[in-house]
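K.L.:
Below is the file entry-v7.cif, which contains mmCIF, C-alpha atoms.
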data_input
#
loop_
_atom_site.group_PDB
_atom_site.id
_atom_site.type_symbol
_atom_site.label_atom_id
_atom_site.label_comp_id
_atom_site.auth_asym_id
_atom_site.auth_seq_id
_atom_site.Cartn_x
_atom_site.Cartn_y
_atom_site.Cartn_z
ATOM 1 C CA MET A 740 -8.319 9.768 -3.339
ATOM 2 C CA PRO A 741 -7.980 13.554 -3.574
ATOM 3 C CA ASP A 742 -4.785 15.223 -4.669
ATOM 4 C CA LYS A 743 -2.110 15.251 -1.972
ATOM 5 C CA PRO A 744 -3.287 17.426 0.933
ATOM 6 C CA ALA A 745 -1.152 20.027 2.651
ATOM 7 C CA ALA A 746 0.421 19.095 5.973
ATOM 8 C CA GLU A 747 -1.719 20.108 8.944
ATOM 9 C CA TRP A 748 1.265 20.263 11.315
ATOM 10 C CA PRO A 749 4.812 21.491 10.695
ATOM 11 C CA ILE A 750 7.339 18.680 11.139
ATOM 12 C CA ASP A 751 10.989 19.671 10.984
ATOM 13 C CA GLU A 752 14.309 18.229 12.080
ATOM 14 C CA SER A 753 14.211 20.006 15.421
ATOM 15 C CA LEU A 754 10.830 18.478 16.271
ATOM 16 C CA VAL A 755 11.844 14.957 15.258
ATOM 17 C CA ARG A 756 15.126 15.149 17.147
ATOM 18 C CA SER A 757 13.443 16.468 20.299
ATOM 19 C CA LEU A 758 10.924 13.606 20.208
ATOM 20 C CA LEU A 759 13.731 11.081 19.971
ATOM 21 C CA VAL A 760 15.677 12.684 22.813
ATOM 22 C CA ARG A 761 12.625 12.712 25.078
ATOM 23 C CA GLN A 762 11.235 9.266 24.331
ATOM 24 C CA ALA A 763 13.901 7.136 22.629
ATOM 25 C CA PRO A 764 17.308 8.511 23.689
ATOM 26 C CA ARG A 765 18.993 5.141 23.059
ATOM 27 C CA LEU A 766 18.366 5.681 19.335
ATOM 28 C CA VAL A 767 20.074 9.080 19.266
ATOM 29 C CA ALA A 768 23.793 8.868 18.505
ATOM 30 C CA PRO A 769 26.340 11.051 16.701
ATOM 31 C CA ASP A 770 26.574 8.548 13.836
ATOM 32 C CA ARG A 771 22.806 8.587 13.245
ATOM 33 C CA ALA A 772 22.147 11.491 10.912
ATOM 34 C CA LEU A 773 18.561 12.722 10.657
ATOM 35 C CA ARG A 774 17.198 13.831 7.293
ATOM 36 C CA LEU A 775 13.840 14.072 5.541
ATOM 37 C CA ALA A 776 13.262 11.079 3.255
ATOM 38 C CA ALA A 777 9.675 11.532 2.062
ATOM 39 C CA GLU A 778 6.394 13.301 2.661
ATOM 40 C CA GLY A 779 3.440 11.182 1.602
ATOM 41 C CA TRP A 780 -0.224 11.998 1.772
ATOM 42 C CA ASP A 781 -0.484 10.861 5.380
ATOM 43 C CA ASN A 782 2.981 10.690 6.904
ATOM 44 C CA ALA A 783 6.371 12.333 6.910
ATOM 45 C CA VAL A 784 9.331 9.942 6.976
ATOM 46 C CA TRP A 785 12.729 10.974 8.329
ATOM 47 C CA ARG A 786 15.745 8.712 7.955
ATOM 48 C CA LEU A 787 17.600 8.044 11.190
ATOM 49 C CA GLY A 788 21.068 6.833 10.358
ATOM 50 C CA ASP A 789 21.363 4.090 7.759
ATOM 51 C CA ASP A 790 19.005 1.523 9.236
ATOM 52 C CA LEU A 791 16.024 3.328 10.801
ATOM 53 C CA ALA A 792 13.308 5.828 9.911
ATOM 54 C CA VAL A 793 10.933 7.994 11.947
ATOM 55 C CA ARG A 794 7.337 7.950 10.698
ATOM 56 C CA LEU A 795 5.052 10.778 11.838
ATOM 57 C CA PRO A 796 1.471 11.651 10.842
ATOM 58 C CA ARG A 797 1.236 14.948 8.964
ATOM 59 C CA ARG A 798 -2.556 15.232 9.262
ATOM 60 C CA GLU A 799 -5.354 14.200 11.612
ATOM 61 C CA LEU A 800 -6.689 11.411 9.388
ATOM 62 C CA ALA A 801 -3.340 9.605 9.591
ATOM 63 C CA ILE A 802 -3.371 9.190 13.379
ATOM 64 C CA PRO A 803 -5.422 5.952 13.373
ATOM 65 C CA LEU A 804 -3.239 4.615 10.556
ATOM 66 C CA ILE A 805 -0.147 4.956 12.742
ATOM 67 C CA ARG A 806 -2.000 3.257 15.598
ATOM 68 C CA HIS A 807 -3.033 0.405 13.305
ATOM 69 C CA GLU A 808 0.570 -0.137 12.228
ATOM 70 C CA GLN A 809 1.840 -0.072 15.811
ATOM 71 C CA ARG A 810 -0.722 -2.656 16.893
ATOM 72 C CA ILE A 811 -0.921 -4.946 13.868
ATOM 73 C CA LEU A 812 2.510 -4.948 12.217
ATOM 74 C CA PRO A 813 4.160 -7.137 14.870
ATOM 75 C CA VAL A 814 1.457 -9.738 14.135
ATOM 76 C CA LEU A 815 1.899 -9.471 10.375
ATOM 77 C CA GLU A 816 5.685 -9.544 10.635
ATOM 78 C CA SER A 817 5.434 -12.958 12.295
ATOM 79 C CA LEU A 818 3.438 -14.171 9.275
ATOM 80 C CA ILE A 819 5.436 -12.577 6.442
ATOM 81 C CA ALA A 820 9.042 -12.491 7.685
ATOM 82 C CA PRO A 821 9.596 -16.260 7.238
ATOM 83 C CA THR A 822 9.040 -15.751 3.487
ATOM 84 C CA GLY A 823 12.094 -13.475 3.313
ATOM 85 C CA VAL A 824 10.088 -10.326 2.562
ATOM 86 C CA HIS A 825 10.449 -7.582 5.180
ATOM 87 C CA VAL A 826 7.715 -5.466 6.759
ATOM 88 C CA PRO A 827 8.334 -2.313 8.840
ATOM 89 C CA ALA A 828 7.241 -3.479 12.273
ATOM 90 C CA PRO A 829 8.027 -0.599 14.682
ATOM 91 C CA VAL A 830 11.183 -0.885 16.748
ATOM 92 C CA PHE A 831 9.789 1.909 18.912
ATOM 93 C CA ALA A 832 6.187 3.107 19.269
ATOM 94 C CA GLY A 833 6.244 6.792 20.143
ATOM 95 C CA GLU A 834 3.437 8.253 22.218
ATOM 96 C CA PRO A 835 1.814 11.699 22.102
ATOM 97 C CA ASP A 836 3.465 14.249 24.367
ATOM 98 C CA ALA A 837 3.383 17.990 24.887
ATOM 99 C CA GLY A 838 5.801 18.586 22.019
ATOM 100 C CA PHE A 839 3.891 16.472 19.492
ATOM 101 C CA PRO A 840 0.509 15.274 20.787
ATOM 102 C CA ARG A 841 0.189 12.451 18.255
ATOM 103 C CA PRO A 842 1.531 8.881 17.976
ATOM 104 C CA TRP A 843 4.636 8.249 15.875
ATOM 105 C CA SER A 844 6.984 5.343 15.203
ATOM 106 C CA VAL A 845 10.577 4.398 14.576
ATOM 107 C CA VAL A 846 10.705 1.656 11.950
ATOM 108 C CA PRO A 847 13.415 -0.206 10.026
ATOM 109 C CA TRP A 848 14.779 1.404 6.867
ATOM 110 C CA PHE A 849 15.154 -1.129 4.091
ATOM 111 C CA PRO A 850 17.835 -0.818 1.407
ATOM 112 C CA GLY A 851 16.511 -0.309 -2.096
ATOM 113 C CA GLY A 852 14.022 2.076 -3.647
ATOM 114 C CA ALA A 853 10.317 2.429 -4.285
ATOM 115 C CA GLY A 854 9.160 -0.215 -6.713
ATOM 116 C CA LEU A 855 7.397 2.488 -8.687
ATOM 117 C CA GLY A 856 10.739 3.445 -10.211
ATOM 118 C CA ILE A 857 11.524 -0.040 -11.542
ATOM 119 C CA PRO A 858 10.262 -0.756 -15.089
ATOM 120 C CA ARG A 859 7.561 -3.422 -15.322
ATOM 121 C CA SER A 860 9.788 -5.509 -17.538
ATOM 122 C CA ARG A 861 12.241 -5.927 -14.623
ATOM 123 C CA ARG A 862 9.663 -6.830 -11.962
ATOM 124 C CA THR A 863 9.075 -10.485 -12.850
ATOM 125 C CA GLY A 864 11.639 -11.470 -10.207
ATOM 126 C CA TRP A 865 9.305 -10.041 -7.583
ATOM 127 C CA SER A 866 6.570 -12.504 -8.501
ATOM 128 C CA ASP A 867 7.707 -15.434 -6.359
ATOM 129 C CA PRO A 868 8.546 -13.557 -3.118
ATOM 130 C CA LEU A 869 5.429 -11.384 -3.414
ATOM 131 C CA ALA A 870 3.243 -14.434 -3.980
ATOM 132 C CA ARG A 871 4.760 -16.158 -0.945
ATOM 133 C CA ALA A 872 4.314 -13.043 1.205
ATOM 134 C CA LEU A 873 0.657 -12.620 0.244
ATOM 135 C CA ALA A 874 -0.087 -16.307 0.721
ATOM 136 C CA ALA A 875 1.345 -15.968 4.241
ATOM 137 C CA LEU A 876 -0.613 -12.768 4.892
ATOM 138 C CA HIS A 877 -3.988 -13.966 3.605
ATOM 139 C CA VAL A 878 -5.003 -16.024 6.630
ATOM 140 C CA PRO A 879 -8.059 -15.434 8.841
ATOM 141 C CA ALA A 880 -7.673 -12.179 10.739
ATOM 142 C CA ASP A 881 -8.195 -11.512 14.413
ATOM 143 C CA ALA A 882 -11.761 -10.577 15.330
ATOM 144 C CA ASP A 883 -10.659 -7.092 16.416
ATOM 145 C CA HIS A 884 -8.913 -6.281 13.128
ATOM 146 C CA PRO A 885 -8.983 -2.655 11.937
ATOM 147 C CA VAL A 886 -12.029 -1.919 9.795
ATOM 148 C CA ASN A 887 -11.565 -0.033 6.535
ATOM 149 C CA PRO A 888 -14.832 0.953 4.788
ATOM 150 C CA PHE A 889 -13.166 1.263 1.373
ATOM 151 C CA ARG A 890 -10.769 -1.707 1.143
ATOM 152 C CA GLY A 891 -11.465 -5.418 0.894
ATOM 153 C CA GLY A 892 -15.249 -5.394 1.109
ATOM 154 C CA ALA A 893 -17.924 -6.101 -1.463
ATOM 155 C CA LEU A 894 -17.344 -4.385 -4.796
ATOM 156 C CA ALA A 895 -20.941 -3.157 -4.786
ATOM 157 C CA THR A 896 -20.061 -0.696 -2.021
ATOM 158 C CA ARG A 897 -17.755 1.140 -4.456
ATOM 159 C CA ASP A 898 -19.875 0.803 -7.592
ATOM 160 C CA GLU A 899 -21.268 4.335 -7.608
ATOM 161 C CA THR A 900 -17.819 5.871 -7.073
ATOM 162 C CA VAL A 901 -16.178 3.755 -9.778
ATOM 163 C CA ARG A 902 -18.874 4.542 -12.343
ATOM 164 C CA GLY A 903 -18.617 8.225 -11.467
ATOM 165 C CA ARG A 904 -14.891 8.129 -12.204
ATOM 166 C CA LEU A 905 -15.505 6.345 -15.484
ATOM 167 C CA ALA A 906 -17.860 9.138 -16.494
ATOM 168 C CA SER A 907 -15.458 11.875 -15.396
ATOM 169 C CA LEU A 908 -12.613 10.397 -17.469
ATOM 170 C CA ARG A 909 -14.474 10.001 -20.751
ATOM 171 C CA GLU A 910 -12.914 13.133 -22.245
ATOM 172 C CA ARG A 911 -9.454 12.504 -20.785
ATOM 173 C CA ALA A 912 -8.699 8.856 -21.606
ATOM 174 C CA ASP A 913 -8.912 6.544 -24.577
ATOM 175 C CA PRO A 914 -12.521 5.272 -24.954
ATOM 176 C CA GLY A 915 -11.379 1.737 -25.740
ATOM 177 C CA SER A 916 -9.210 1.607 -22.635
ATOM 178 C CA LEU A 917 -12.039 2.910 -20.463
ATOM 179 C CA ALA A 918 -14.348 0.302 -21.962
ATOM 180 C CA ARG A 919 -11.896 -2.414 -20.878
ATOM 181 C CA ALA A 920 -11.800 -0.985 -17.375
ATOM 182 C CA GLN A 921 -15.592 -0.939 -17.253
ATOM 183 C CA GLN A 922 -15.742 -4.511 -18.531
ATOM 184 C CA ALA A 923 -13.334 -5.599 -15.799
ATOM 185 C CA TRP A 924 -15.396 -3.815 -13.162
ATOM 186 C CA ASP A 925 -18.716 -5.208 -14.429
ATOM 187 C CA ALA A 926 -17.344 -8.755 -14.476
ATOM 188 C CA ALA A 927 -15.974 -8.353 -10.946
ATOM 189 C CA CYS A 928 -19.279 -7.057 -9.611
ATOM 190 C CA ALA A 929 -21.030 -10.068 -11.149
ATOM 191 C CA ALA A 930 -18.528 -12.580 -9.752
ATOM 192 C CA PRO A 931 -19.324 -14.642 -6.631
ATOM 193 C CA PRO A 932 -18.239 -12.875 -3.420
ATOM 194 C CA TRP A 933 -15.433 -14.080 -1.168
ATOM 195 C CA PRO A 934 -16.911 -17.122 0.610
ATOM 196 C CA GLY A 935 -14.413 -17.455 3.434
ATOM 197 C CA PRO A 936 -13.705 -15.560 6.658
ATOM 198 C CA PRO A 937 -12.054 -12.124 6.389
ATOM 199 C CA VAL A 938 -8.323 -12.550 5.861
ATOM 200 C CA TRP A 939 -5.584 -10.040 6.584
ATOM 201 C CA ILE A 940 -5.025 -7.697 3.650
ATOM 202 C CA HIS A 941 -2.498 -4.905 3.159
ATOM 203 C CA GLY A 942 -5.209 -2.619 1.804
ATOM 204 C CA ASP A 943 -3.015 -0.309 -0.303
ATOM 205 C CA LEU A 944 -0.825 -2.632 -2.327
ATOM 206 C CA HIS A 945 0.772 -1.000 -5.360
ATOM 207 C CA PRO A 946 4.354 -0.555 -6.610
ATOM 208 C CA GLY A 947 4.838 2.621 -4.573
ATOM 209 C CA ASN A 948 4.452 0.533 -1.408
ATOM 210 C CA LEU A 949 6.978 -2.101 -2.458
ATOM 211 C CA VAL A 950 10.697 -1.675 -1.801
ATOM 212 C CA ALA A 951 12.954 -3.324 -4.363
ATOM 213 C CA ASP A 952 16.588 -3.581 -5.301
ATOM 214 C CA ASP A 953 16.016 -3.716 -9.055
ATOM 215 C CA THR A 954 14.779 -7.252 -9.777
ATOM 216 C CA ARG A 955 14.804 -8.280 -6.098
ATOM 217 C CA LEU A 956 11.806 -7.564 -3.871
ATOM 218 C CA VAL A 957 12.963 -6.384 -0.444
ATOM 219 C CA ALA A 958 9.917 -5.276 1.546
ATOM 220 C CA ILE A 959 6.233 -4.402 1.645
ATOM 221 C CA VAL A 960 5.652 -1.083 3.419
ATOM 222 C CA ASP A 961 2.928 1.401 4.391
ATOM 223 C CA PHE A 962 0.392 -0.773 6.184
ATOM 224 C CA GLY A 963 -1.719 2.147 7.425
ATOM 225 C CA ASP A 964 -4.783 0.822 5.562
ATOM 226 C CA VAL A 965 -4.357 -2.710 6.902
ATOM 227 C CA THR A 966 -7.701 -4.446 7.345
ATOM 228 C CA ALA A 967 -9.366 -7.790 6.704
ATOM 229 C CA GLY A 968 -11.657 -8.982 3.959
ATOM 230 C CA ASP A 969 -11.449 -10.322 0.420
ATOM 231 C CA PRO A 970 -7.860 -11.116 -0.676
ATOM 232 C CA ALA A 971 -8.810 -10.012 -4.209
ATOM 233 C CA TYR A 972 -8.124 -6.427 -3.140
ATOM 234 C CA ASP A 973 -4.419 -7.190 -2.634
ATOM 235 C CA LEU A 974 -4.233 -9.461 -5.684
ATOM 236 C CA ALA A 975 -5.032 -6.483 -7.904
ATOM 237 C CA ILE A 976 -1.263 -5.972 -7.695
ATOM 238 C CA ALA A 977 -1.062 -8.496 -10.566
ATOM 239 C CA TRP A 978 -2.208 -5.724 -12.940
ATOM 240 C CA LEU A 979 -0.861 -2.741 -11.005
ATOM 241 C CA ALA A 980 2.738 -3.988 -10.780
ATOM 242 C CA PHE A 981 3.421 -6.557 -13.476
ATOM 243 C CA ASP A 982 3.463 -6.876 -17.236
ATOM 244 C CA ALA A 983 1.940 -9.956 -18.892
ATOM 245 C CA SER A 984 4.897 -12.233 -18.201
ATOM 246 C CA GLY A 985 5.340 -11.066 -14.610
ATOM 247 C CA ARG A 986 1.618 -11.461 -13.994
ATOM 248 C CA ALA A 987 1.657 -14.991 -15.400
ATOM 249 C CA ALA A 988 4.544 -15.891 -13.097
ATOM 250 C CA PHE A 989 2.838 -14.292 -10.081
ATOM 251 C CA ARG A 990 -0.393 -16.195 -10.733
ATOM 252 C CA ALA A 991 1.489 -19.434 -11.360
ATOM 253 C CA HIS A 992 3.147 -19.168 -7.941
ATOM 254 C CA LEU A 993 -0.352 -18.918 -6.405
ATOM 255 C CA ARG A 994 -1.964 -21.672 -8.496
ATOM 256 C CA GLY A 995 -4.403 -23.716 -6.452
ATOM 257 C CA ARG A 996 -4.674 -21.193 -3.636
ATOM 258 C CA TYR A 997 -7.398 -18.940 -5.068
ATOM 259 C CA ASP A 998 -10.343 -19.799 -7.297
ATOM 260 C CA ASP A 999 -11.095 -18.127 -10.627
ATOM 261 C CA ALA A 1000 -13.625 -15.741 -9.067
ATOM 262 C CA VAL A 1001 -10.931 -14.202 -6.845
ATOM 263 C CA TRP A 1002 -8.908 -13.258 -9.930
ATOM 264 C CA VAL A 1003 -11.971 -11.787 -11.660
ATOM 265 C CA ARG A 1004 -12.598 -9.621 -8.605
ATOM 266 C CA ALA A 1005 -8.882 -8.768 -8.415
ATOM 267 C CA ARG A 1006 -8.924 -7.453 -11.985
ATOM 268 C CA GLY A 1007 -11.996 -5.402 -11.086
ATOM 269 C CA TRP A 1008 -10.241 -3.904 -8.079
ATOM 270 C CA ALA A 1009 -7.252 -3.154 -10.302
ATOM 271 C CA ALA A 1010 -9.626 -1.249 -12.593
ATOM 272 C CA ALA A 1011 -11.004 0.688 -9.624
ATOM 273 C CA VAL A 1012 -7.547 1.676 -8.394
ATOM 274 C CA THR A 1013 -6.470 2.561 -11.931
ATOM 275 C CA LEU A 1014 -9.433 4.907 -12.382
ATOM 276 C CA MET A 1015 -8.703 6.479 -8.995
ATOM 277 C CA LEU A 1016 -5.107 7.138 -10.040
ATOM 278 C CA LEU A 1017 -6.124 8.613 -13.393
ATOM 279 C CA ALA A 1018 -8.744 10.863 -11.826
ATOM 280 C CA HIS A 1019 -6.693 12.161 -8.900
ATOM 281 C CA SER A 1020 -2.978 12.187 -9.695
ATOM 282 C CA ASP A 1021 -2.654 15.490 -11.530
ATOM 283 C CA ASP A 1022 -0.079 16.630 -8.963
ATOM 284 C CA ASN A 1023 1.875 13.358 -9.015
ATOM 285 C CA PRO A 1024 3.308 12.344 -12.405
ATOM 286 C CA ALA A 1025 4.600 8.994 -11.106
ATOM 287 C CA TYR A 1026 1.157 7.870 -10.004
ATOM 288 C CA ALA A 1027 -0.475 9.282 -13.122
ATOM 289 C CA ALA A 1028 1.952 7.149 -15.144
ATOM 290 C CA LEU A 1029 1.110 4.122 -13.012
ATOM 291 C CA GLY A 1030 -2.564 4.670 -13.786
ATOM 292 C CA ALA A 1031 -1.898 4.963 -17.513
ATOM 293 C CA ASP A 1032 0.261 1.814 -17.565
ATOM 294 C CA ALA A 1033 -2.230 -0.181 -15.483
ATOM 295 C CA LEU A 1034 -5.058 0.850 -17.801
ATOM 296 C CA GLU A 1035 -3.195 -0.829 -20.645
ATOM 297 C CA GLU A 1036 -2.555 -3.965 -18.560
ATOM 298 C CA LEU A 1037 -6.313 -4.340 -17.994
ATOM 299 C CA THR A 1038 -6.506 -5.401 -21.638
ATOM 300 C CA HIS A 1039 -5.437 -8.822 -20.368
ATOM 301 C CA GLU A 1040 -7.754 -10.885 -18.181
ATOM 302 C CA GLY A 1041 -4.849 -13.057 -17.074
#
What is this structure when it is put down as structure tokens?
P.N.:
Amino acid sequence: MPDKPAAEWPIDESLVRSLLVRQAPRLVAPDRALRLAAEGWDNAVWRLGDDLAVRLPRRELAIPLIRHEQRILPVLESLIAPTGVHVPAPVFAGEPDAGFPRPWSVVPWFPGGAGLGIPRSRRTGWSDPLARALAALHVPADADHPVNPFRGGALATRDETVRGRLASLRERADPGSLARAQQAWDAACAAPPWPGPPVWIHGDLHPGNLVADDTRLVAIVDFGDVTAGDPAYDLAIAWLAFDASGRAAFRAHLRGRYDDAVWVRARGWAAAVTLMLLAHSDDNPAYAALGADALEELTHEG
């Protein structure tokens, strides 16, 4: 996870509006203002009125992520929506054209804000809806699911990278905290692997990809890394999002669904994501803070 890359293509209001006029004119109306909402690592997001957003790739590597969302999100929406948690299934799948030769989407805009801005102490209310949403998501995936070489596979495939980050952080982080992260990773690598078929996983589940209205969870967003594999990768959210009481509630809502080994691997994946954030968030204070907070949460096995 390098620091946020520069956009490879300029995306401005004129471009977004012209795409809408050419391909989705029914969505263009005088009462639908168009304004930039966010520029992430992979995509630019423009709000379209109060209820929609236009999502466009800002670099080449993001093109398959948009395609994955266009193809898979309708399937995942059918699984998750009955739980009351929203997902941004496209209402319009834009195609490459001469003005913007890349895929793009119009998706719902959900009221609320990024979960990253809500203090951990106020997130316990998310535990039940998030548990229900993940239980609904973690079912055997279609055989042609998107493949992600970094998410949801065997921990051994990331061992060299994780240990390299541990070494690189030795002079920047508390030694005791790093030792806890290493212990979590070592235990996860030694745990039995996922014995079942690959299940759908979000693949990038952290508070920045949750939409919340304070204590109420509204939506799970940014499914560009969607893939299938070990559900432990998503369950790392227990340490990335919650404090001890929220984590206990989250795990209680999932009691009986996952065995102990899944939670050992989940804590290991939380350590891996935490080290990634600490090593590569110098240009993003919010994610650096998430890494620092999650490092402290790794003190707790449960």
K.L.:
Dump as a Markdown table the rows for residues of segment 839-904 of chain A within 6 Å of segment 938-955 of chain A: closest atom pair and distance in Å with one decimal, only C-alpha atoms counted, ordered by chain and rising residue number.
P.N.:
| residue | atom | partner | partner_atom | distance |
| --- | --- | --- | --- | --- |
| A:Gly851 | CA | A:Asp952 | CA | 4.6 |
| A:Gly852 | CA | A:Val950 | CA | 5.3 |
| A:Ala853 | CA | A:Val950 | CA | 4.8 |
| A:Gly854 | CA | A:Pro946 | CA | 4.8 |
| A:Leu855 | CA | A:Pro946 | CA | 4.8 |
| A:Arg861 | CA | A:Thr954 | CA | 5.6 |
| A:Arg862 | CA | A:Thr954 | CA | 5.6 |
| A:Gly864 | CA | A:Thr954 | CA | 5.3 |
| A:Trp865 | CA | A:Arg955 | CA | 6.0 |
| A:Leu876 | CA | A:Trp939 | CA | 5.9 |
| A:His877 | CA | A:Val938 | CA | 5.1 |
| A:Val878 | CA | A:Val938 | CA | 4.9 |
| A:Pro879 | CA | A:Val938 | CA | 4.2 |
| A:Ala880 | CA | A:Val938 | CA | 4.9 |
| A:Arg890 | CA | A:Gly942 | CA | 5.7 |
K.L.:
Measuring between all atoms listed in the file, which one of A:Ala1025, A:Pro850, A:Leu758, A:Gln922 shows the shortest distance to Gly838 of chain A?
P.N.:
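Selected residue with least distance to Gly838 of chain A: A:Leu758.
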K.L.:
Quick one, how far is atom CA of Arg1004 of chain A from atom CA of Gly935 of chain A?
P.N.:
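Between these atoms lies a distance of 14.5 Å.
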K.L.:
Residues within 12 Å of segment 981-991 of chain A, please, as an NGL selection string. Count all atoms listed in the file; anything in the same chain fewer than 2 positions from it doesn't count.
P.N.:
:A and (854-855 or 857-874 or 945-946 or 954 or 974-979 or 993-999 or 1001-1002 or 1005-1006 or 1009 or 1029 or 1032-1041)
K.L.:
Contacts of His1019 of chain A at 12 Å or less, counting all atoms listed in the file, minus same-chain residues fewer than 6 places along, as a list in words?
P.N.:
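Returned residues: Met740, Pro741, Asp742, Lys743, Pro744, Arg904, Ser907, Leu908, Val1012, Thr1013, Ala1025, Tyr1026, Ala1027, Ala1028, Leu1029 and Gly1030 of chain A.
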K.L.:
Running the PyMOL selection byres ((chain A and resi 786) around 7) on this model by hand, what would come out? Give it as a list in words.
P.N.:
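Output of the PyMOL selection byres ((chain A and resi 786) around 7): Leu773, Arg774, Leu775, Ala776, Val784, Trp785, Leu787, Gly788, Leu791, Ala792 and Val793 of chain A.
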K.L.:
So that I can check the surroundings of Asn887 of chain A, please list as a VMD selection string every protein, DNA and RNA residue that reaches within 8 Å of it, counting only C-alpha atoms and ignoring chain neighbours fewer than 3 positions away.
P.N.:
chain A and resid 890 to 891 964 to 966
K.L.:
I'd like the interatomic distance between atom CA of Gly892 of chain A and atom CA of Gln809 of chain A, to a tenth of an Å.
P.N.:
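Separation between atom CA of Gly892 of chain A and atom CA of Gln809 of chain A: 23.2 Å.
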K.L.:
Go through the shown structure with the PyMOL selection byres ((chain A and resi 781) around 6) and write out the matching residues as a list in words.
P.N.:
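The output of the PyMOL selection byres ((chain A and resi 781) around 6) on this file is Gly779, Trp780, Asn782, Pro796, Arg797 and Ala801 of chain A.
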K.L.:
So, counting all atoms listed in the file, which residue among A:Ala777, A:Ile802, A:Val1003, A:Leu812 is closest to Glu834 of chain A?
P.N.:
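Using all atoms listed in the file, the shortest distance to Glu834 of chain A belongs to A:Ile802.
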K.L.:
Atom CA of Val826 of chain A to atom CA of Pro932 of chain A: how many Å, to one decimal?
P.N.:
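Between atom CA of Val826 of chain A and atom CA of Pro932 of chain A the gap is 28.8 Å.
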